[in-house]
Structures are given as structure tokens and as C-alpha cells.
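What's in structure.csv: CSV, C-alpha atoms
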```csv
chain,number,residue,atom,x,y,z
O,14,ALA,CA,-95.6,-41.3,131.6
O,15,ILE,CA,-94.7,-41.9,135.3
O,16,GLY,CA,-97.9,-43.8,135.7
O,17,ALA,CA,-97.2,-45.9,132.6
O,18,ALA,CA,-93.7,-46.7,133.8
O,19,GLY,CA,-95.0,-47.8,137.1
O,20,LEU,CA,-97.6,-50.1,135.5
O,21,ASN,CA,-95.0,-51.6,133.3
O,22,ALA,CA,-92.6,-52.2,136.2
O,23,ALA,CA,-95.4,-53.8,138.2
O,24,ALA,CA,-96.3,-56.0,135.2
O,25,ASP,CA,-92.6,-57.1,134.8
O,26,PHE,CA,-92.5,-57.9,138.5
O,27,GLU,CA,-95.6,-60.1,138.4
O,28,GLN,CA,-94.4,-61.7,135.1
O,29,SER,CA,-91.0,-62.7,136.7
O,30,LEU,CA,-92.7,-64.2,139.8
O,31,ASN,CA,-95.3,-66.0,137.6
O,32,VAL,CA,-92.5,-67.7,135.7
O,33,VAL,CA,-90.6,-68.5,138.9
O,34,GLN,CA,-93.8,-70.3,140.0
O,35,GLN,CA,-94.0,-72.2,136.7
O,36,VAL,CA,-90.4,-73.2,136.8
O,37,THR,CA,-90.3,-74.3,140.5
O,38,GLY,CA,-93.8,-75.5,141.0
O,39,ALA,CA,-93.9,-73.4,144.2
O,40,THR,CA,-97.0,-73.2,146.4
O,41,GLU,CA,-98.9,-70.0,146.9
O,42,SER,CA,-97.4,-69.7,150.4
O,43,ALA,CA,-93.9,-70.0,149.0
O,44,MET,CA,-94.6,-67.4,146.3
O,45,SER,CA,-95.9,-65.0,148.9
O,46,SER,CA,-92.7,-65.3,150.8
O,47,LEU,CA,-90.6,-64.8,147.6
O,48,GLN,CA,-92.7,-61.7,146.7
O,49,ALA,CA,-92.3,-60.2,150.1
O,50,GLN,CA,-88.5,-60.8,150.0
O,51,ALA,CA,-88.3,-59.2,146.6
O,52,ILE,CA,-90.2,-56.1,147.8
O,53,ARG,CA,-88.0,-55.9,150.9
O,54,LEU,CA,-84.8,-56.1,148.8
O,55,GLY,CA,-86.2,-53.4,146.5
O,56,ALA,CA,-86.5,-51.2,149.6
O,57,ASP,CA,-83.2,-52.1,151.3
O,58,THR,CA,-80.8,-52.3,148.3
O,59,SER,CA,-79.9,-50.2,145.3
O,60,PHE,CA,-82.0,-52.5,143.1
O,61,SER,CA,-85.7,-52.5,142.5
O,62,ALA,CA,-88.1,-55.2,143.5
O,63,GLY,CA,-88.5,-56.0,139.8
O,64,GLU,CA,-84.7,-56.5,139.5
O,65,ALA,CA,-84.7,-58.8,142.5
O,66,ALA,CA,-87.6,-60.8,141.0
O,67,GLN,CA,-85.6,-61.1,137.7
O,68,GLY,CA,-82.6,-62.4,139.7
O,69,MET,CA,-84.9,-64.9,141.4
O,70,LEU,CA,-86.1,-66.1,138.0
O,71,GLU,CA,-82.6,-66.7,136.8
O,72,LEU,CA,-81.8,-68.7,139.9
O,73,ALA,CA,-84.9,-70.8,139.5
O,74,LYS,CA,-84.1,-71.4,135.8
O,75,ALA,CA,-80.7,-72.7,137.0
O,76,GLY,CA,-82.5,-75.4,139.0
O,77,MET,CA,-82.9,-73.9,142.4
O,78,ASN,CA,-86.1,-74.4,144.4
O,79,THR,CA,-87.8,-71.6,146.2
O,80,GLU,CA,-85.9,-72.1,149.5
O,81,GLN,CA,-82.6,-72.0,147.6
O,82,VAL,CA,-83.6,-68.9,145.7
O,83,MET,CA,-84.5,-67.1,148.9
O,84,ALA,CA,-81.1,-68.2,150.4
O,85,SER,CA,-79.2,-67.0,147.4
O,86,ILE,CA,-80.7,-63.8,146.2
O,87,SER,CA,-79.0,-61.4,148.7
O,88,GLY,CA,-75.6,-62.7,147.7
O,89,VAL,CA,-76.6,-62.2,144.1
O,90,LEU,CA,-77.5,-58.6,144.6
O,91,ASP,CA,-74.2,-58.0,146.4
O,92,LEU,CA,-72.3,-59.5,143.5
O,93,ALA,CA,-74.3,-57.4,141.0
O,94,ALA,CA,-73.5,-54.2,142.8
O,95,ALA,CA,-69.8,-55.1,143.3
O,96,GLY,CA,-69.3,-56.2,139.8
O,97,ASN,CA,-71.4,-53.5,138.1
O,98,LEU,CA,-73.5,-56.3,136.6
O,99,SER,CA,-77.2,-56.7,136.0
O,100,VAL,CA,-79.0,-58.8,138.6
O,101,ALA,CA,-79.8,-61.4,136.0
O,102,GLN,CA,-76.1,-61.6,135.0
O,103,ALA,CA,-75.0,-61.9,138.7
O,104,ALA,CA,-77.7,-64.6,139.3
O,105,GLU,CA,-76.4,-66.7,136.3
O,106,ILE,CA,-72.8,-66.4,137.4
O,107,SER,CA,-73.6,-67.3,141.0
O,108,ALA,CA,-75.8,-70.2,140.1
O,109,ASN,CA,-73.2,-71.6,137.7
O,110,ALA,CA,-70.5,-71.5,140.3
O,111,ILE,CA,-72.7,-73.0,143.0
O,112,ASN,CA,-73.9,-75.8,140.8
O,113,SER,CA,-70.4,-76.5,139.4
O,114,PHE,CA,-69.0,-77.1,142.8
O,115,ASN,CA,-72.2,-78.6,144.2
O,116,LEU,CA,-72.4,-76.0,147.0
O,117,PRO,CA,-75.5,-75.4,149.0
O,118,ALA,CA,-77.5,-72.3,148.0
O,119,SER,CA,-76.6,-70.7,151.4
O,120,GLU,CA,-73.1,-70.4,150.0
O,121,ALA,CA,-74.2,-67.7,147.5
O,122,THR,CA,-72.9,-64.9,149.7
O,123,ARG,CA,-69.5,-66.6,150.1
O,124,VAL,CA,-69.3,-67.1,146.4
O,125,ALA,CA,-70.1,-63.4,145.8
O,126,ASP,CA,-67.4,-62.5,148.3
O,127,LEU,CA,-64.9,-64.8,146.5
O,128,LEU,CA,-65.6,-63.3,143.1
O,129,ALA,CA,-65.7,-59.7,144.3
O,130,ALA,CA,-62.5,-60.1,146.5
O,131,ALA,CA,-60.7,-61.7,143.5
O,132,ALA,CA,-61.6,-58.7,141.4
O,133,ASN,CA,-60.7,-56.3,144.1
O,134,SER,CA,-57.3,-58.0,144.7
O,135,SER,CA,-56.2,-58.4,141.1
O,136,SER,CA,-56.6,-56.9,137.7
O,137,VAL,CA,-59.5,-59.2,136.7
O,138,GLU,CA,-63.1,-58.2,136.6
O,139,VAL,CA,-66.0,-60.3,137.9
O,140,THR,CA,-66.9,-61.0,134.2
O,141,ASP,CA,-63.3,-62.3,133.7
O,142,MET,CA,-63.9,-64.6,136.7
O,143,ALA,CA,-67.1,-65.8,135.2
O,144,GLN,CA,-65.6,-66.6,131.8
O,145,ALA,CA,-62.7,-68.5,133.5
O,146,PHE,CA,-65.1,-70.4,135.7
O,147,GLN,CA,-67.1,-71.4,132.7
O,148,MET,CA,-64.1,-73.2,131.1
O,149,SER,CA,-62.5,-74.7,134.2
O,150,ALA,CA,-64.9,-75.1,137.1
O,151,SER,CA,-66.3,-78.5,136.3
O,152,VAL,CA,-62.9,-80.0,135.8
O,153,PHE,CA,-61.7,-78.6,139.1
O,154,ALA,CA,-64.8,-79.7,141.0
O,155,SER,CA,-64.7,-83.2,139.6
O,156,ASN,CA,-61.1,-83.6,140.9
O,157,GLY,CA,-62.0,-82.5,144.4
O,158,GLN,CA,-60.5,-79.0,144.1
O,159,SER,CA,-62.0,-76.0,145.9
O,160,ILE,CA,-63.6,-73.0,144.5
O,161,ASP,CA,-61.2,-71.0,146.7
O,162,ASP,CA,-58.1,-72.4,144.9
O,163,LEU,CA,-59.6,-71.9,141.5
O,164,SER,CA,-60.5,-68.2,142.3
O,165,THR,CA,-57.0,-67.7,143.6
O,166,ALA,CA,-55.4,-69.2,140.5
O,167,ILE,CA,-57.5,-67.0,138.2
O,168,ALA,CA,-56.6,-63.9,140.1
O,169,ILE,CA,-52.9,-64.6,139.9
O,170,LEU,CA,-53.1,-65.4,136.2
O,171,GLY,CA,-55.0,-62.2,135.6
O,172,ASN,CA,-52.3,-60.1,137.3
O,173,ASN,CA,-50.0,-61.7,134.7
O,174,GLY,CA,-52.1,-60.9,131.7
O,175,LEU,CA,-53.9,-64.2,131.2
O,176,LYS,CA,-57.6,-63.5,131.7
O,177,GLY,CA,-61.1,-64.7,131.0
O,178,SER,CA,-61.8,-67.8,129.0
O,179,ASP,CA,-58.1,-68.1,128.1
O,180,ALA,CA,-57.1,-68.4,131.7
O,181,GLY,CA,-59.9,-70.9,132.3
O,182,THR,CA,-58.9,-73.0,129.3
O,183,SER,CA,-55.2,-73.0,130.4
O,184,LEU,CA,-56.1,-74.0,133.9
O,185,LYS,CA,-58.5,-76.8,132.7
O,186,THR,CA,-55.8,-78.2,130.4
O,187,MET,CA,-53.2,-78.0,133.2
O,188,LEU,CA,-55.3,-80.0,135.6
O,189,MET,CA,-56.2,-82.6,133.0
O,190,ARG,CA,-52.6,-83.1,132.0
O,191,LEU,CA,-51.7,-83.6,135.7
O,192,THR,CA,-54.4,-86.1,136.4
O,193,ALA,CA,-54.1,-88.1,133.2
O,194,PRO,CA,-50.5,-87.7,132.0
O,195,THR,CA,-49.0,-89.4,129.0
O,196,ALA,CA,-46.3,-92.0,129.6
O,197,ASP,CA,-43.6,-89.5,128.8
O,198,ALA,CA,-45.2,-86.8,131.0
O,199,ALA,CA,-45.6,-89.3,133.9
O,200,ALA,CA,-41.9,-90.2,133.7
O,201,VAL,CA,-40.9,-86.5,133.8
O,202,MET,CA,-43.2,-85.9,136.8
O,203,THR,CA,-41.6,-88.8,138.6
O,204,ASP,CA,-38.1,-87.5,137.9
O,205,LEU,CA,-39.1,-84.1,139.2
O,206,GLY,CA,-40.9,-85.5,142.3
O,207,ILE,CA,-44.3,-84.2,141.4
O,208,GLN,CA,-47.0,-86.3,143.2
O,209,VAL,CA,-50.5,-85.3,142.3
O,210,TYR,CA,-52.4,-87.9,144.3
O,211,ASN,CA,-52.6,-88.7,148.0
O,212,ALA,CA,-52.2,-92.3,149.4
O,213,ASP,CA,-55.9,-92.8,149.3
O,214,GLY,CA,-56.1,-91.9,145.6
O,215,SER,CA,-57.6,-88.4,146.1
O,216,MET,CA,-56.0,-85.5,144.3
O,217,ARG,CA,-53.8,-83.2,146.4
O,218,SER,CA,-55.0,-79.6,146.7
O,219,PHE,CA,-54.2,-77.3,143.8
O,220,GLN,CA,-52.3,-75.1,146.1
O,221,ASP,CA,-50.1,-78.1,147.1
O,222,VAL,CA,-49.5,-78.9,143.4
O,223,VAL,CA,-48.4,-75.3,142.7
O,224,GLY,CA,-45.9,-75.5,145.5
O,225,GLN,CA,-44.5,-78.8,144.1
O,226,LEU,CA,-44.2,-77.3,140.7
O,227,GLU,CA,-42.3,-74.3,142.1
O,228,THR,CA,-39.9,-76.6,144.1
O,229,ALA,CA,-39.5,-79.1,141.2
O,230,THR,CA,-38.4,-76.4,138.7
O,231,ASN,CA,-36.1,-74.5,141.0
O,232,GLY,CA,-32.5,-75.0,140.0
O,233,LEU,CA,-33.3,-76.1,136.4
O,234,SER,CA,-31.8,-74.2,133.5
O,235,SER,CA,-34.3,-72.5,131.2
O,236,ALA,CA,-33.8,-75.2,128.6
O,237,GLN,CA,-34.4,-78.0,131.1
O,238,ARG,CA,-37.4,-76.3,132.6
O,239,ASN,CA,-39.0,-75.6,129.2
O,240,GLN,CA,-38.5,-79.2,128.0
O,241,ALA,CA,-39.9,-80.7,131.2
O,242,LEU,CA,-42.9,-78.5,131.4
O,243,THR,CA,-43.7,-78.8,127.7
O,244,THR,CA,-43.6,-82.5,128.0
O,245,ILE,CA,-46.0,-82.5,130.9
O,246,PHE,CA,-48.4,-79.8,130.0
O,247,GLY,CA,-48.2,-79.1,126.2
O,248,ALA,CA,-48.4,-75.7,124.6
O,249,ASP,CA,-51.7,-74.4,126.0
O,250,ALA,CA,-51.4,-75.3,129.7
O,251,ILE,CA,-47.8,-74.2,130.0
O,252,ARG,CA,-49.0,-70.6,130.0
O,253,ALA,CA,-50.7,-71.1,133.4
O,254,VAL,CA,-48.0,-73.3,134.7
O,255,ASN,CA,-45.2,-70.9,134.1
O,256,ILE,CA,-47.1,-68.1,135.8
O,257,LEU,CA,-48.2,-70.1,138.8
O,258,ALA,CA,-44.9,-71.8,139.4
O,259,GLY,CA,-43.1,-68.5,138.9
O,260,GLU,CA,-45.2,-66.7,141.4
O,261,GLY,CA,-44.8,-69.7,143.8
O,262,ALA,CA,-46.5,-71.0,146.9
O,263,ASP,CA,-46.0,-67.8,148.9
O,264,GLU,CA,-47.9,-65.6,146.4
O,265,PHE,CA,-50.6,-68.3,146.1
O,266,SER,CA,-51.1,-68.2,149.9
O,267,ARG,CA,-51.1,-64.4,149.9
O,268,MET,CA,-53.7,-64.2,147.1
O,269,LYS,CA,-55.8,-66.9,148.7
O,270,GLU,CA,-56.0,-64.9,151.9
O,271,ALA,CA,-57.1,-61.8,149.9
O,272,VAL,CA,-59.6,-63.7,147.9
O,273,ASN,CA,-61.2,-65.1,151.0
O,274,GLN,CA,-62.0,-61.7,152.5
O,275,GLN,CA,-65.4,-61.9,154.1
O,276,GLY,CA,-67.9,-59.2,153.2
O,277,ALA,CA,-66.0,-58.1,150.1
O,278,ALA,CA,-69.1,-58.0,147.9
O,279,SER,CA,-71.3,-56.2,150.5
```
Before anything else, please render the file you have as C-alpha cells.
Amino acid sequence: AIGAAGLNAAADFEQSLNVVQQVTGATESAMSSLQAQAIRLGADTSFSAGEAAQGMLELAKAGMNTEQVMASISGVLDLAAAGNLSVAQAAEISANAINSFNLPASEATRVADLLAAAANSSSVEVTDMAQAFQMSASVFASNGQSIDDLSTAIAILGNNGLKGSDAGTSLKTMLMRLTAPTADAAAVMTDLGIQVYNADGSMRSFQDVVGQLETATNGLSSAQRNQALTTIFGADAIRAVNILAGEGADEFSRMKEAVNQQGAAS
């Protein structure tokens, strides 16, 4: 039985690497390097060489070349261990985040740290982060927002009971309402002094926008606040807005510092 299990594991390992070569078109030399790295990771981490190879396959399927796969896989294994995920799950989550924000593959370790630190610093799990990213990352990235600010916002929302895809959808809608407001919403934003764009037309940082929302709604009665925010954000995004504006700029800064803890995944 032990011998059969070993043969099966070896077959799975070879199969994963064969598919990596098919997907990436890698040379024999590059595949030798990948194989050696997978074997080394199997010896140095809590995961087997076969699991490392499976993670490499998922990264390759997400569009990474062999050099990018080699740069990313260590961060993926850290994330899998930190989030109690399979290596394939962690690879998919990492690759999606990296691709959404157009980050270099070498940022995989930092992405793993962000996701793990957000989970460590709040009531969300890494899977909650992944679901929220799936709904909101592309909109944040296309508006020049950082992966750090998105991770911070998701952690704050999670501490207030808004998690997973619900948090991501609310954040996505919030940003879309800010960047393309209706005429009525634009008028209210002007009255409140909310300025989303810099002089050069680029969007201000999400952290800055949260601070403006906090300042703009201070001193308003509950009725005035609800009317203004509903006009700007609608029924869905107002959930995220109320939480973020209520927590304010100080809490955003505190959580951002916690989320950026280096080495959190390892």
C-alpha cells in the first residue's frame, strides 16, 4: 500500500509538471529548474513536492510563465499554510490578485502577507478576502487604487459584519458611484465638499476618500446624513460607506498598518 501510494504521488507530480510545460511552452532546462524547486519546497515546507507542483500548475494556468511561477510559488505556499487552504486554492487566489492589480509575480509574497495579515487583524478569513477581491479588485485597480487600500477596507468591513462577496459588491458599487455619479449625486458631493479626483484627473486614494466622507458627514443629523449618502451611493453601497465613514480615517490608518505587516504569512 505504501509503495502504491508513493507511485501514485510520483505520477501526480509528473502529470502536474507535464501540464505546466504544455501550458507555458517551457524548455527542458526551465522545467528542470521548476522540478528542482518543487522538490526543494517539498523538503523545506509542510507541503509535499506534489502539492507544490499542483500550485505551480494553477499559477501557469492563470497566465504566468515559468520565471513568474518560480517567483510566486513560495508566497503561495505561505498563504496556503496561513489560510488553511489547499495549495491550488492559494495559487488561484494569489494569481487572481496579482493579475487584477497588474503586479509583478515577485509580489506574490507581499500579496500573501496582505491577505494573511488582514485575516489576522480582523474577523475575516482568507477565503472571505478572496471572495471580496473577486467582486471588487478589477474596479479598484482600473481606478488606480492600491491592493493595500482594498485589503484594509475589506478587513474593516469584516469587523463590522460585512464579509465575502457582499463586502466586495458593496465596495465595488461604492467606487463606481463615486467615479460616475448621477447629476443629483454630483450636486450633493459638491455641497459636502467631496472631491474624488486630483487636478490631473487621477482618482484620489481610497484612504483619502474615506477621510473626506468622514469629515463631510460630521455634524449632519441622522436624517441629513441618510438622505445625502443614499442619493450618492444607493441602497447597496451605503452599507460599506456607513461603516467606513463611521470608523473614520484614524481606524483606516491603523488597520492599514496592521494589514501591511511584513512576514505575516510566513
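CA of Arg190 in chain O to CA of Asp162 in chain O spans 17.6 Å [interatomic distance, one decimal].
Closest approach to Ala118 in chain O among O:Val272, O:Leu184, O:Ala212, O:Ala84 is made by O:Ala84 (distances from all atoms listed in the file).
With distances restricted to all atoms listed in the file, O:Asn78 is the closest residue to Pro117 in chain O from O:Asp197, O:Ala150, O:Asn78, O:Ala131.
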Exercise for review: Just the residues within 8 Å of Met268 in chain O, please, counting all atoms listed in the file, with nothing from its chain fewer than 6 positions along; format it as a ChimeraX atom specification.
Suggested key: /O:134,165,168-169
Practice item. Can you pull out every residue within 8 Å of range 107-114 of chain O, counting all atoms listed in the file, but drop anything in the same chain fewer than 5 positions away, and send it as number ranges by chain? Key: O: 72, 75, 89, 120-121, 124-125, 146-147, 150-151, 154, 159-160
Write to file, as a compact mmCIF listing (two decimals), in the coordinates of the input, the residues of the selection just made, with C-alpha atoms.
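Final file, result.txt:
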```txt
# COMPACT_ATOMS: atom_id res chain seq x y z
CA LEU O 72 -81.80 -68.70 139.90
CA ALA O 75 -80.70 -72.70 137.00
CA VAL O 89 -76.60 -62.20 144.10
CA GLU O 120 -73.10 -70.40 150.00
CA ALA O 121 -74.20 -67.70 147.50
CA VAL O 124 -69.30 -67.10 146.40
CA ALA O 125 -70.10 -63.40 145.80
CA PHE O 146 -65.10 -70.40 135.70
CA GLN O 147 -67.10 -71.40 132.70
CA ALA O 150 -64.90 -75.10 137.10
CA SER O 151 -66.30 -78.50 136.30
CA ALA O 154 -64.80 -79.70 141.00
CA SER O 159 -62.00 -76.00 145.90
CA ILE O 160 -63.60 -73.00 144.50
```
